[in-house]
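A.B. asks: What follows is run-v1.cif, made up of mmCIF, C-alpha atoms (C1' of nucleotides):
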data_upload
loop_
_atom_site.group_PDB
_atom_site.id
_atom_site.type_symbol
_atom_site.label_atom_id
_atom_site.label_comp_id
_atom_site.auth_asym_id
_atom_site.auth_seq_id
_atom_site.Cartn_x
_atom_site.Cartn_y
_atom_site.Cartn_z
ATOM 1 C CA MET A 1 -1.369 20.166 176.922
ATOM 2 C CA ALA A 2 -4.189 20.449 174.444
ATOM 3 C CA GLN A 3 -7.814 21.141 175.127
ATOM 4 C CA LEU A 4 -10.121 18.647 176.781
ATOM 5 C CA GLY A 5 -13.141 17.088 175.142
ATOM 6 C CA GLU A 6 -16.611 17.796 176.376
ATOM 7 C CA LEU A 7 -17.037 14.753 178.549
ATOM 8 C CA GLU A 8 -13.515 14.989 179.865
ATOM 9 C CA ARG A 9 -14.262 18.529 180.795
ATOM 10 C CA SER A 10 -17.495 17.623 182.585
ATOM 11 C CA ILE A 11 -15.694 15.020 184.592
ATOM 12 C CA MET A 12 -12.934 17.403 185.548
ATOM 13 C CA ASP A 13 -15.538 19.941 186.573
ATOM 14 C CA ALA A 14 -17.204 17.350 188.754
ATOM 15 C CA LEU A 15 -13.925 16.435 190.391
ATOM 16 C CA TRP A 16 -12.994 20.060 190.870
ATOM 17 C CA ALA A 17 -16.335 20.774 192.440
ATOM 18 C CA SER A 18 -16.093 17.907 194.862
ATOM 19 C CA GLU A 19 -14.382 18.102 198.211
ATOM 20 C CA ASN A 20 -13.640 14.394 198.350
ATOM 21 C CA PRO A 21 -12.351 11.961 195.807
ATOM 22 C CA LEU A 22 -15.130 10.249 193.890
ATOM 23 C CA SER A 23 -15.720 6.793 192.521
ATOM 24 C CA ALA A 24 -16.667 6.125 188.926
ATOM 25 C CA THR A 25 -20.226 5.342 189.931
ATOM 26 C CA GLU A 26 -20.554 8.505 191.950
ATOM 27 C CA LEU A 27 -19.321 10.445 188.983
ATOM 28 C CA GLN A 28 -21.747 8.667 186.740
ATOM 29 C CA GLU A 29 -24.617 9.706 188.978
ATOM 30 C CA TYR A 30 -23.327 13.208 189.336
ATOM 31 C CA LEU A 31 -23.124 13.555 185.582
ATOM 32 C CA GLU A 32 -26.629 12.285 185.165
ATOM 33 C CA GLU A 33 -27.871 15.000 187.514
ATOM 34 C CA ARG A 34 -25.985 17.669 185.652
ATOM 35 C CA ALA A 35 -27.319 16.454 182.344
ATOM 36 C CA ARG A 36 -30.897 15.999 183.410
ATOM 37 C CA GLU A 37 -31.878 19.472 182.196
ATOM 38 C CA THR A 38 -29.849 19.232 179.043
ATOM 39 C CA SER A 39 -29.600 15.989 177.153
ATOM 40 C CA GLY A 40 -30.528 13.793 180.088
ATOM 41 C CA LYS A 41 -28.719 10.672 179.060
ATOM 42 C CA GLN A 42 -27.231 8.082 181.377
ATOM 43 C CA LEU A 43 -23.699 7.120 180.501
ATOM 44 C CA ALA A 44 -22.312 3.636 180.976
ATOM 45 C CA VAL A 45 -19.939 3.355 183.909
ATOM 46 C CA THR A 46 -17.320 1.968 181.593
ATOM 47 C CA THR A 47 -17.501 5.184 179.638
ATOM 48 C CA VAL A 48 -16.756 7.156 182.751
ATOM 49 C CA LEU A 49 -13.947 4.768 183.626
ATOM 50 C CA THR A 50 -12.392 5.027 180.218
ATOM 51 C CA VAL A 51 -12.357 8.775 180.361
ATOM 52 C CA LEU A 52 -10.981 8.721 183.883
ATOM 53 C CA SER A 53 -8.151 6.511 182.728
ATOM 54 C CA ARG A 54 -7.374 8.910 179.949
ATOM 55 C CA LEU A 55 -7.406 11.832 182.327
ATOM 56 C CA GLU A 56 -5.151 9.913 184.672
ATOM 57 C CA HIS A 57 -2.822 9.309 181.783
ATOM 58 C CA LYS A 58 -2.764 13.039 181.101
ATOM 59 C CA SER A 59 -1.916 13.575 184.766
ATOM 60 C CA LEU A 60 -5.033 15.589 185.364
ATOM 61 C CA VAL A 61 -6.496 12.969 187.651
ATOM 62 C CA VAL A 62 -4.989 10.931 190.443
ATOM 63 C CA ARG A 63 -6.421 7.538 191.263
ATOM 64 C CA ASP A 64 -6.329 5.761 194.578
ATOM 65 C CA ARG A 65 -5.988 2.080 193.748
ATOM 66 C CA THR A 66 -5.655 0.952 197.327
ATOM 67 C CA VAL A 67 -9.370 1.081 197.884
ATOM 68 C CA ARG A 68 -12.306 -0.535 196.193
ATOM 69 C CA PRO A 69 -13.911 1.079 194.331
ATOM 70 C CA HIS A 70 -11.010 3.190 193.171
ATOM 71 C CA LEU A 71 -11.293 6.847 194.035
ATOM 72 C CA TYR A 72 -10.445 9.695 191.737
ATOM 73 C CA ARG A 73 -9.495 13.278 192.390
ATOM 74 C CA ALA A 74 -8.201 16.156 190.309
ATOM 75 C CA SER A 75 -4.446 16.397 190.565
ATOM 76 C CA SER A 76 -4.579 20.166 190.848
ATOM 77 C CA SER A 77 -7.251 22.732 191.566
ATOM 78 C CA GLN A 78 -9.274 24.171 188.759
ATOM 79 C CA ALA A 79 -7.741 27.564 189.426
ATOM 80 C CA ASP A 80 -4.226 26.179 189.168
ATOM 81 C CA HIS A 81 -4.995 24.277 186.062
ATOM 82 C CA THR A 82 -6.680 27.216 184.395
ATOM 83 C CA ALA A 83 -3.940 29.629 185.353
ATOM 84 C CA GLU A 84 -1.376 27.242 183.961
ATOM 85 C CA LEU A 85 -3.281 27.021 180.716
ATOM 86 C CA MET A 86 -3.493 30.777 180.468
ATOM 87 C CA HIS A 87 0.177 30.983 181.031
ATOM 88 C CA GLU A 88 0.852 28.481 178.342
ATOM 89 C CA ILE A 89 -1.252 30.456 175.910
ATOM 90 C CA LEU A 90 0.499 33.644 176.846
ATOM 91 C CA GLY A 91 3.852 31.963 176.372
ATOM 92 C CA SER A 92 2.918 30.879 172.876
ATOM 93 C CA SER A 93 2.851 34.505 171.852
ATOM 94 C CA THR A 94 5.752 36.526 170.560
ATOM 95 C CA ASP A 95 4.716 39.738 172.220
ATOM 96 C CA ARG A 96 3.597 39.055 175.760
ATOM 97 C CA GLY A 97 3.322 42.697 176.672
ATOM 98 C CA GLU A 98 0.960 43.381 173.842
ATOM 99 C CA VAL A 99 -1.117 40.348 174.702
ATOM 100 C CA LEU A 100 -1.402 41.413 178.305
ATOM 101 C CA ALA A 101 -2.488 44.852 177.191
ATOM 102 C CA ARG A 102 -5.282 43.408 175.044
ATOM 103 C CA PHE A 103 -6.158 41.008 177.780
ATOM 104 C CA LEU A 104 -6.605 43.773 180.289
ATOM 105 C CA GLY A 105 -8.681 45.664 177.810
ATOM 106 C CA SER A 106 -11.248 42.905 177.875
ATOM 107 C CA VAL A 107 -11.330 42.424 181.602
ATOM 108 C CA SER A 108 -14.189 43.770 183.688
ATOM 109 C CA PRO A 109 -13.517 46.716 186.009
ATOM 110 C CA GLU A 110 -14.056 44.460 189.011
ATOM 111 C CA GLU A 111 -11.455 42.050 187.766
ATOM 112 C CA ALA A 112 -9.139 44.911 187.016
ATOM 113 C CA ALA A 113 -9.536 46.097 190.570
ATOM 114 C CA ALA A 114 -8.916 42.612 191.870
ATOM 115 C CA LEU A 115 -5.784 42.424 189.771
ATOM 116 C CA ARG A 116 -4.510 45.692 191.192
ATOM 117 C CA GLY A 117 -4.999 44.336 194.660
ATOM 118 C CA LEU A 118 -3.256 41.123 193.840
ATOM 119 C CA LEU A 119 -0.358 42.905 192.232
ATOM 120 C CA ASP A 120 0.145 44.967 195.341
ATOM 121 C CA GLN A 121 0.211 41.871 197.491
ATOM 122 C CA THR A 122 2.635 40.149 195.194
ATOM 123 C CA ARG A 123 4.830 43.183 194.743
ATOM 124 C CA ASP A 124 7.651 42.196 197.089
ATOM 125 C CA SER A 125 7.633 38.410 196.760
ATOM 126 C CA GLY A 126 10.195 38.298 193.962
ATOM 127 C CA ARG A 127 10.310 35.010 192.167
ATOM 128 C CA SER A 128 13.436 32.862 192.594
ATOM 129 C CA ALA A 129 14.145 31.127 189.273
ATOM 130 C CA MET B 130 -12.511 27.759 169.340
ATOM 131 C CA ALA B 131 -10.227 24.868 170.114
ATOM 132 C CA GLN B 132 -6.494 24.694 169.736
ATOM 133 C CA LEU B 133 -4.768 24.857 166.388
ATOM 134 C CA GLY B 134 -2.722 22.081 164.884
ATOM 135 C CA GLU B 135 0.975 22.449 164.282
ATOM 136 C CA LEU B 136 0.831 23.420 160.664
ATOM 137 C CA GLU B 137 -2.158 25.656 161.193
ATOM 138 C CA ARG B 138 -0.196 27.347 163.891
ATOM 139 C CA SER B 139 2.859 27.826 161.696
ATOM 140 C CA ILE B 140 0.751 29.381 159.032
ATOM 141 C CA MET B 141 -0.931 31.725 161.455
ATOM 142 C CA ASP B 142 2.471 32.689 162.799
ATOM 143 C CA ALA B 143 3.636 33.462 159.306
ATOM 144 C CA LEU B 144 0.592 35.592 158.615
ATOM 145 C CA TRP B 145 0.926 37.361 161.913
ATOM 146 C CA ALA B 146 4.556 38.087 161.263
ATOM 147 C CA SER B 147 3.895 39.527 157.847
ATOM 148 C CA GLU B 148 2.959 43.124 157.202
ATOM 149 C CA ASN B 149 1.165 42.347 153.973
ATOM 150 C CA PRO B 150 -1.262 39.658 152.963
ATOM 151 C CA LEU B 151 0.449 36.636 151.478
ATOM 152 C CA SER B 152 -0.310 34.198 148.716
ATOM 153 C CA ALA B 153 -0.282 30.455 149.203
ATOM 154 C CA THR B 154 2.976 30.157 147.310
ATOM 155 C CA GLU B 155 4.635 32.853 149.383
ATOM 156 C CA LEU B 156 3.542 31.063 152.488
ATOM 157 C CA GLN B 157 4.861 27.817 151.157
ATOM 158 C CA GLU B 158 8.259 29.382 150.621
ATOM 159 C CA TYR B 159 8.198 31.090 153.955
ATOM 160 C CA LEU B 160 7.429 27.841 155.663
ATOM 161 C CA GLU B 161 10.239 26.117 153.871
ATOM 162 C CA GLU B 162 12.654 28.734 155.184
ATOM 163 C CA ARG B 163 11.374 28.323 158.706
ATOM 164 C CA ALA B 164 11.661 24.561 158.473
ATOM 165 C CA ARG B 165 15.071 24.445 156.871
ATOM 166 C CA GLU B 166 16.835 24.060 160.223
ATOM 167 C CA THR B 167 14.294 21.651 161.586
ATOM 168 C CA SER B 168 12.697 19.060 159.387
ATOM 169 C CA GLY B 169 13.443 20.890 156.155
ATOM 170 C CA LYS B 170 10.631 19.480 154.098
ATOM 171 C CA GLN B 171 8.852 21.225 151.289
ATOM 172 C CA LEU B 172 5.082 21.109 151.530
ATOM 173 C CA ALA B 173 2.802 20.895 148.528
ATOM 174 C CA VAL B 174 1.041 24.157 147.762
ATOM 175 C CA THR B 175 -2.252 22.365 147.936
ATOM 176 C CA THR B 176 -1.469 21.466 151.508
ATOM 177 C CA VAL B 177 -0.997 25.095 152.341
ATOM 178 C CA LEU B 178 -4.183 25.963 150.508
ATOM 179 C CA THR B 179 -6.189 23.345 152.324
ATOM 180 C CA VAL B 180 -5.031 24.598 155.671
ATOM 181 C CA LEU B 181 -5.695 28.170 154.650
ATOM 182 C CA SER B 182 -9.228 27.237 153.720
ATOM 183 C CA ARG B 183 -9.721 25.592 157.059
ATOM 184 C CA LEU B 184 -8.378 28.631 158.826
ATOM 185 C CA GLU B 185 -10.641 30.841 156.754
ATOM 186 C CA HIS B 186 -13.530 28.651 157.771
ATOM 187 C CA LYS B 187 -12.567 29.139 161.399
ATOM 188 C CA SER B 188 -12.534 32.891 160.748
ATOM 189 C CA LEU B 189 -8.891 33.189 161.643
ATOM 190 C CA VAL B 190 -7.912 34.102 158.144
ATOM 191 C CA VAL B 191 -9.423 36.469 155.629
ATOM 192 C CA ARG B 192 -8.986 35.830 151.959
ATOM 193 C CA ASP B 193 -9.016 38.373 149.191
ATOM 194 C CA ARG B 194 -10.630 36.621 146.234
ATOM 195 C CA THR B 195 -10.630 39.660 143.997
ATOM 196 C CA VAL B 196 -7.012 39.181 143.036
ATOM 197 C CA ARG B 197 -5.069 36.351 141.538
ATOM 198 C CA PRO B 198 -3.417 34.668 143.307
ATOM 199 C CA HIS B 199 -5.695 35.034 146.307
ATOM 200 C CA LEU B 200 -4.146 36.824 149.213
ATOM 201 C CA TYR B 201 -4.476 35.780 152.799
ATOM 202 C CA ARG B 202 -4.143 37.691 156.034
ATOM 203 C CA ALA B 203 -4.867 36.996 159.668
ATOM 204 C CA SER B 204 -8.252 38.325 160.650
ATOM 205 C CA SER B 205 -6.898 39.682 163.911
ATOM 206 C CA SER B 206 -3.486 40.345 165.360
ATOM 207 C CA GLN B 207 -1.692 37.647 167.244
ATOM 208 C CA ALA B 208 -1.993 39.678 170.413
ATOM 209 C CA ASP B 209 -5.731 40.034 170.001
ATOM 210 C CA HIS B 210 -6.188 36.413 169.224
ATOM 211 C CA THR B 211 -4.070 35.281 172.131
ATOM 212 C CA ALA B 212 -5.732 37.641 174.546
ATOM 213 C CA GLU B 213 -9.106 36.404 173.410
ATOM 214 C CA LEU B 214 -8.040 32.851 173.967
ATOM 215 C CA MET B 215 -6.806 33.669 177.430
ATOM 216 C CA HIS B 216 -10.076 35.299 178.168
ATOM 217 C CA GLU B 217 -11.980 32.300 176.979
ATOM 218 C CA ILE B 218 -9.931 30.051 179.203
ATOM 219 C CA LEU B 219 -10.462 32.356 182.126
ATOM 220 C CA GLY B 220 -14.171 32.398 181.453
ATOM 221 C CA SER B 221 -14.327 28.620 181.529
ATOM 222 C CA SER B 222 -13.422 28.735 185.171
ATOM 223 C CA THR B 223 -15.839 29.016 188.053
ATOM 224 C CA ASP B 224 -13.609 31.186 190.168
ATOM 225 C CA ARG B 225 -12.020 33.881 188.051
ATOM 226 C CA GLY B 226 -10.541 35.699 190.998
ATOM 227 C CA GLU B 227 -8.711 32.636 192.162
ATOM 228 C CA VAL B 228 -7.464 31.919 188.681
ATOM 229 C CA LEU B 229 -6.150 35.434 188.287
ATOM 230 C CA ALA B 230 -4.389 35.112 191.609
ATOM 231 C CA ARG B 231 -2.632 31.938 190.512
ATOM 232 C CA PHE B 232 -1.928 33.448 187.177
ATOM 233 C CA LEU B 233 -0.189 36.426 188.684
ATOM 234 C CA GLY B 234 1.762 34.119 190.925
ATOM 235 C CA SER B 235 3.433 32.644 187.884
ATOM 236 C CA VAL B 236 4.118 35.842 186.049
ATOM 237 C CA SER B 237 7.607 37.301 185.894
ATOM 238 C CA PRO B 238 8.333 40.502 187.818
ATOM 239 C CA GLU B 239 8.792 42.362 184.568
ATOM 240 C CA GLU B 240 5.398 41.290 183.384
ATOM 241 C CA ALA B 241 3.924 42.174 186.750
ATOM 242 C CA ALA B 242 5.377 45.632 186.405
ATOM 243 C CA ALA B 243 4.019 45.925 182.903
ATOM 244 C CA LEU B 244 0.621 44.904 184.183
ATOM 245 C CA ARG B 245 0.691 47.559 186.859
ATOM 246 C CA GLY B 246 1.456 50.159 184.285
ATOM 247 C CA LEU B 247 -1.277 48.966 182.015
ATOM 248 C CA LEU B 248 -3.796 48.884 184.806
ATOM 249 C CA ASP B 249 -3.036 52.463 185.646
ATOM 250 C CA GLN B 250 -3.546 53.520 182.069
ATOM 251 C CA THR B 251 -6.794 51.619 181.820
ATOM 252 C CA ARG B 252 -8.068 52.747 185.166
ATOM 253 C CA ASP B 253 -10.502 55.425 183.975
ATOM 254 C CA SER B 254 -11.644 53.999 180.634
ATOM 255 C CA GLY B 255 -14.587 52.085 182.032
ATOM 256 C CA ARG B 256 -16.020 49.511 179.689
ATOM 257 C CA SER B 257 -19.506 50.095 178.318
ATOM 258 C CA ALA B 258 -21.265 46.734 177.875
ATOM 259 C "C1'" DT C 259 -6.605 28.554 121.772
ATOM 260 C "C1'" DC C 260 -2.780 26.579 124.521
ATOM 261 C "C1'" DG C 261 -0.173 26.190 128.215
ATOM 262 C "C1'" DT C 262 0.742 27.846 132.824
ATOM 263 C "C1'" DT C 263 -0.733 29.123 137.219
ATOM 264 C "C1'" DC C 264 -3.822 28.849 140.747
ATOM 265 C "C1'" DT C 265 -7.922 26.945 143.246
ATOM 266 C "C1'" DT C 266 -11.236 23.524 144.460
ATOM 267 C "C1'" DC C 267 -12.593 18.680 145.250
ATOM 268 C "C1'" DT C 268 -11.796 14.552 146.985
ATOM 269 C "C1'" DA C 269 -9.377 11.474 149.788
ATOM 270 C "C1'" DC C 270 -6.627 9.012 153.008
ATOM 271 C "C1'" DG C 271 -4.112 7.956 157.334
ATOM 272 C "C1'" DG C 272 -3.308 9.024 162.110
ATOM 273 C "C1'" DA C 273 -4.647 10.967 166.616
ATOM 274 C "C1'" DG C 274 -8.007 12.182 170.026
ATOM 275 C "C1'" DT C 275 -12.557 11.579 171.990
ATOM 276 C "C1'" DG C 276 -17.220 9.563 173.123
ATOM 277 C "C1'" DT C 277 -19.139 5.434 173.668
ATOM 278 C "C1'" DA C 278 -19.628 0.900 175.537
ATOM 279 C "C1'" DG C 279 -19.573 -4.502 175.418
ATOM 280 C "C1'" DA C 280 -16.854 -8.579 176.847
ATOM 281 C "C1'" DA C 281 -13.868 -10.469 179.727
ATOM 282 C "C1'" DC C 282 -11.654 -10.567 183.933
ATOM 283 C "C1'" DA C 283 -10.930 -9.657 189.141
ATOM 284 C "C1'" DA C 284 -12.485 -8.777 193.721
ATOM 285 C "C1'" DA C 285 -15.739 -8.688 197.310
ATOM 286 C "C1'" DT C 286 -19.909 -10.303 199.467
ATOM 287 C "C1'" DT C 287 -22.955 -13.638 201.061
ATOM 288 C "C1'" DG C 288 -25.360 -17.953 201.555
ATOM 289 C "C1'" DC D 289 -16.166 -22.435 199.404
ATOM 290 C "C1'" DA D 290 -19.479 -21.447 195.470
ATOM 291 C "C1'" DA D 291 -22.445 -18.247 193.515
ATOM 292 C "C1'" DT D 292 -23.662 -13.658 192.845
ATOM 293 C "C1'" DT D 293 -22.760 -8.931 192.678
ATOM 294 C "C1'" DT D 294 -19.772 -5.134 192.006
ATOM 295 C "C1'" DG D 295 -15.985 -3.063 189.975
ATOM 296 C "C1'" DT D 296 -11.976 -2.778 186.558
ATOM 297 C "C1'" DT D 297 -9.468 -3.633 182.380
ATOM 298 C "C1'" DC D 298 -9.317 -4.719 177.339
ATOM 299 C "C1'" DT D 299 -10.765 -4.129 173.056
ATOM 300 C "C1'" DA D 300 -13.251 -1.807 169.675
ATOM 301 C "C1'" DC D 301 -15.776 1.264 166.790
ATOM 302 C "C1'" DA D 302 -17.464 5.608 164.950
ATOM 303 C "C1'" DC D 303 -16.693 10.497 164.466
ATOM 304 C "C1'" DT D 304 -14.059 14.594 164.085
ATOM 305 C "C1'" DC D 305 -9.883 17.140 163.355
ATOM 306 C "C1'" DC D 306 -5.515 17.699 161.142
ATOM 307 C "C1'" DG D 307 -1.575 16.869 157.918
ATOM 308 C "C1'" DT D 308 -0.957 15.699 153.521
ATOM 309 C "C1'" DA D 309 -1.551 15.901 148.666
ATOM 310 C "C1'" DG D 310 -3.238 14.220 143.785
ATOM 311 C "C1'" DA D 311 -6.757 15.078 140.176
ATOM 312 C "C1'" DA D 312 -9.664 17.935 138.157
ATOM 313 C "C1'" DG D 313 -11.358 22.338 137.118
ATOM 314 C "C1'" DA D 314 -10.948 27.574 136.368
ATOM 315 C "C1'" DA D 315 -8.544 31.792 135.056
ATOM 316 C "C1'" DC D 316 -5.114 34.255 132.817
ATOM 317 C "C1'" DG D 317 -1.207 35.474 129.664
ATOM 318 C "C1'" DA D 318 0.822 34.677 125.104
#
Would you kindly transcribe this structure into structure tokens?
C.D. replies:
Amino acid sequence: MAQLGELERSIMDALWASENPLSATELQEYLEERARETSGKQLAVTTVLTVLSRLEHKSLVVRDRTVRPHLYRASSSQADHTAELMHEILGSSTDRGEVLARFLGSVSPEEAAALRGLLDQTRDSGRSA
Amino acid sequence: MAQLGELERSIMDALWASENPLSATELQEYLEERARETSGKQLAVTTVLTVLSRLEHKSLVVRDRTVRPHLYRASSSQADHTAELMHEILGSSTDRGEVLARFLGSVSPEEAAALRGLLDQTRDSGRSA
DNA sequence: TCGTTCTTCTACGGAGTGTAGAACAAATTG
DNA sequence: CAATTTGTTCTACACTCCGTAGAAGAACGA
């Protein structure tokens, strides 16, 4: 699934942060805000549109073409997407157990606690396939 | 840190799988073996060397220049590297807890069990910084 | 020193990404 | 309906990364 570029990532972040689907122009404005402190540079709308198309193509973004302007939303939540990525990475390894061990070693105590809680909740819900 | 290309990945896999550091030529042969079933195609040694240099530049590979031929080894274990990657991905998210929840939801029962065990072991060894 | 072995330099083509103008389509309004 | 505004698609270019490797240079054994 490959890693996203910087602008792609910003746009996904914007979509993930937003409750409602956004138009290209709204995104453009949003991005300008975000960038104001950094390299405050206004992007062309076409730039945003191009990237949105690419993200749509990668199935990360869903576009509503029935309205004008078109509205865009992330096809899955950031958490889902991120978890999926992590899983992919984990799967690319030959020794999952070892990876998980190292992974836990670098996790904060709070997160470790959270994980324990989650594992207890999940304990009985055996996966089907 | 970005994702590795296919050949880069193969080379890292080879280095990770090997006990000892390897020379470019050894790697070349190793890769030919691996590829025999697939697209059995012999790479030029220079190709391997180029990629090794790039990997060295990315600090994934360490090269011993005191011997001839130079010997190459992975700078960290596959497990470490993978865990680090996972951590990076996790860190890129705004809601780690949620991500971990989703992540656990897609983990096999065996892995869940392993995680429980690991968490118990790690319980007391609080991290310093 | 001569050849062999190994490494470095240089280079090219293809893919992915940031960037956006030009051209085209739809909606709004006079 | 015609003109203007708003929005979308097409096309394109530059830059970086990666796979690939030849040519040229360096080191070592005979």
A.B. asks: Could you name the residues that touch D:DG317 at 12 Å or less, counting all atoms listed in the file, but leaving out those on the same chain fewer than 3 positions away, as a VMD selection string?
C.D. replies: chain C and resid 259 to 263
A.B. asks: Any idea which chain B residues end up within 8 Å of chain A if we count all atoms listed in the file, as a ChimeraX atom specification please?
C.D. replies: /B:131-132,207-209,211-216,218-219,222,224-235,237-238,240-241,243-245,247-248,251,255-256
A.B. asks: Could you pull the residues within 8 Å of stretch 311-315 of chain D, counting only C-alpha atoms (C1' of nucleotides), minus those fewer than 5 positions along the same chain, as a ChimeraX atom specification?
C.D. replies: /C:264-267
A.B. asks: I need the contact residues of chain A against chain C, so if you could list those with any atom within 9 Å, counting only C-alpha atoms (C1' of nucleotides), and return them as a ChimeraX atom specification, that would help.
C.D. replies: /A:4-8,43-47,51,68
A.B. asks: Give the residues of chain D that lie within 12 Å of chain B; count all atoms listed in the file, and format the answer as a list in words.
C.D. replies: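 Only these qualify: DC305, DC306, DG307, DT308, DA309, DG310, DA311, DA314, DA315 and DC316 of chain D.
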A.B. asks: Measure the distance from atom CA of B:Arg194 to atom CA of B:Gln171 in Å and round it to one decimal.
C.D. replies: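 Interatomic distance, atom CA of B:Arg194 to atom CA of B:Gln171: 25.3 Å.
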A.B. asks: What separation in Å, quoted to one decimal, exists between atom CA of A:Pro21 and atom C1' of D:DT296?
C.D. replies: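 Between atom CA of A:Pro21 and atom C1' of D:DT296 the gap is 17.4 Å.
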A.B. asks: Got a moment to write chain C out with C-alpha atoms (C1' of nucleotides), as a compact mmCIF listing (two decimals), in the first residue's frame?
C.D. replies:
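Final file, selection02.txt:
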# COMPACT_ATOMS: atom_id res chain seq x y z
C1' DT C 259 54.29 -5.01 -12.93
C1' DC C 260 50.17 -7.44 -14.72
C1' DG C 261 46.02 -9.24 -14.39
C1' DT C 262 42.13 -10.15 -11.42
C1' DT C 263 38.92 -8.75 -8.12
C1' DC C 264 36.40 -5.39 -6.02
C1' DT C 265 34.54 -0.60 -5.44
C1' DT C 266 33.16 3.88 -6.91
C1' DC C 267 31.21 7.05 -10.38
C1' DT C 268 28.08 8.09 -13.52
C1' DA C 269 23.91 7.37 -15.81
C1' DC C 270 19.47 6.16 -17.51
C1' DG C 271 14.55 4.77 -17.49
C1' DG C 272 10.35 4.21 -14.92
C1' DA C 273 7.22 5.24 -11.04
C1' DG C 274 5.36 8.28 -7.62
C1' DT C 275 4.53 12.92 -5.98
C1' DG C 276 4.02 18.10 -5.86
C1' DT C 277 2.67 21.49 -8.63
C1' DA C 278 -0.39 23.88 -11.67
C1' DG C 279 -2.06 25.85 -16.42
C1' DA C 280 -5.38 25.07 -20.22
C1' DA C 281 -9.37 23.39 -21.63
C1' DC C 282 -13.80 21.90 -20.72
C1' DA C 283 -18.43 21.52 -18.10
C1' DA C 284 -21.92 23.17 -15.05
C1' DA C 285 -24.33 26.55 -12.56
C1' DT C 286 -25.76 31.25 -11.84
C1' DT C 287 -27.53 35.50 -13.17
C1' DG C 288 -28.77 39.40 -15.98
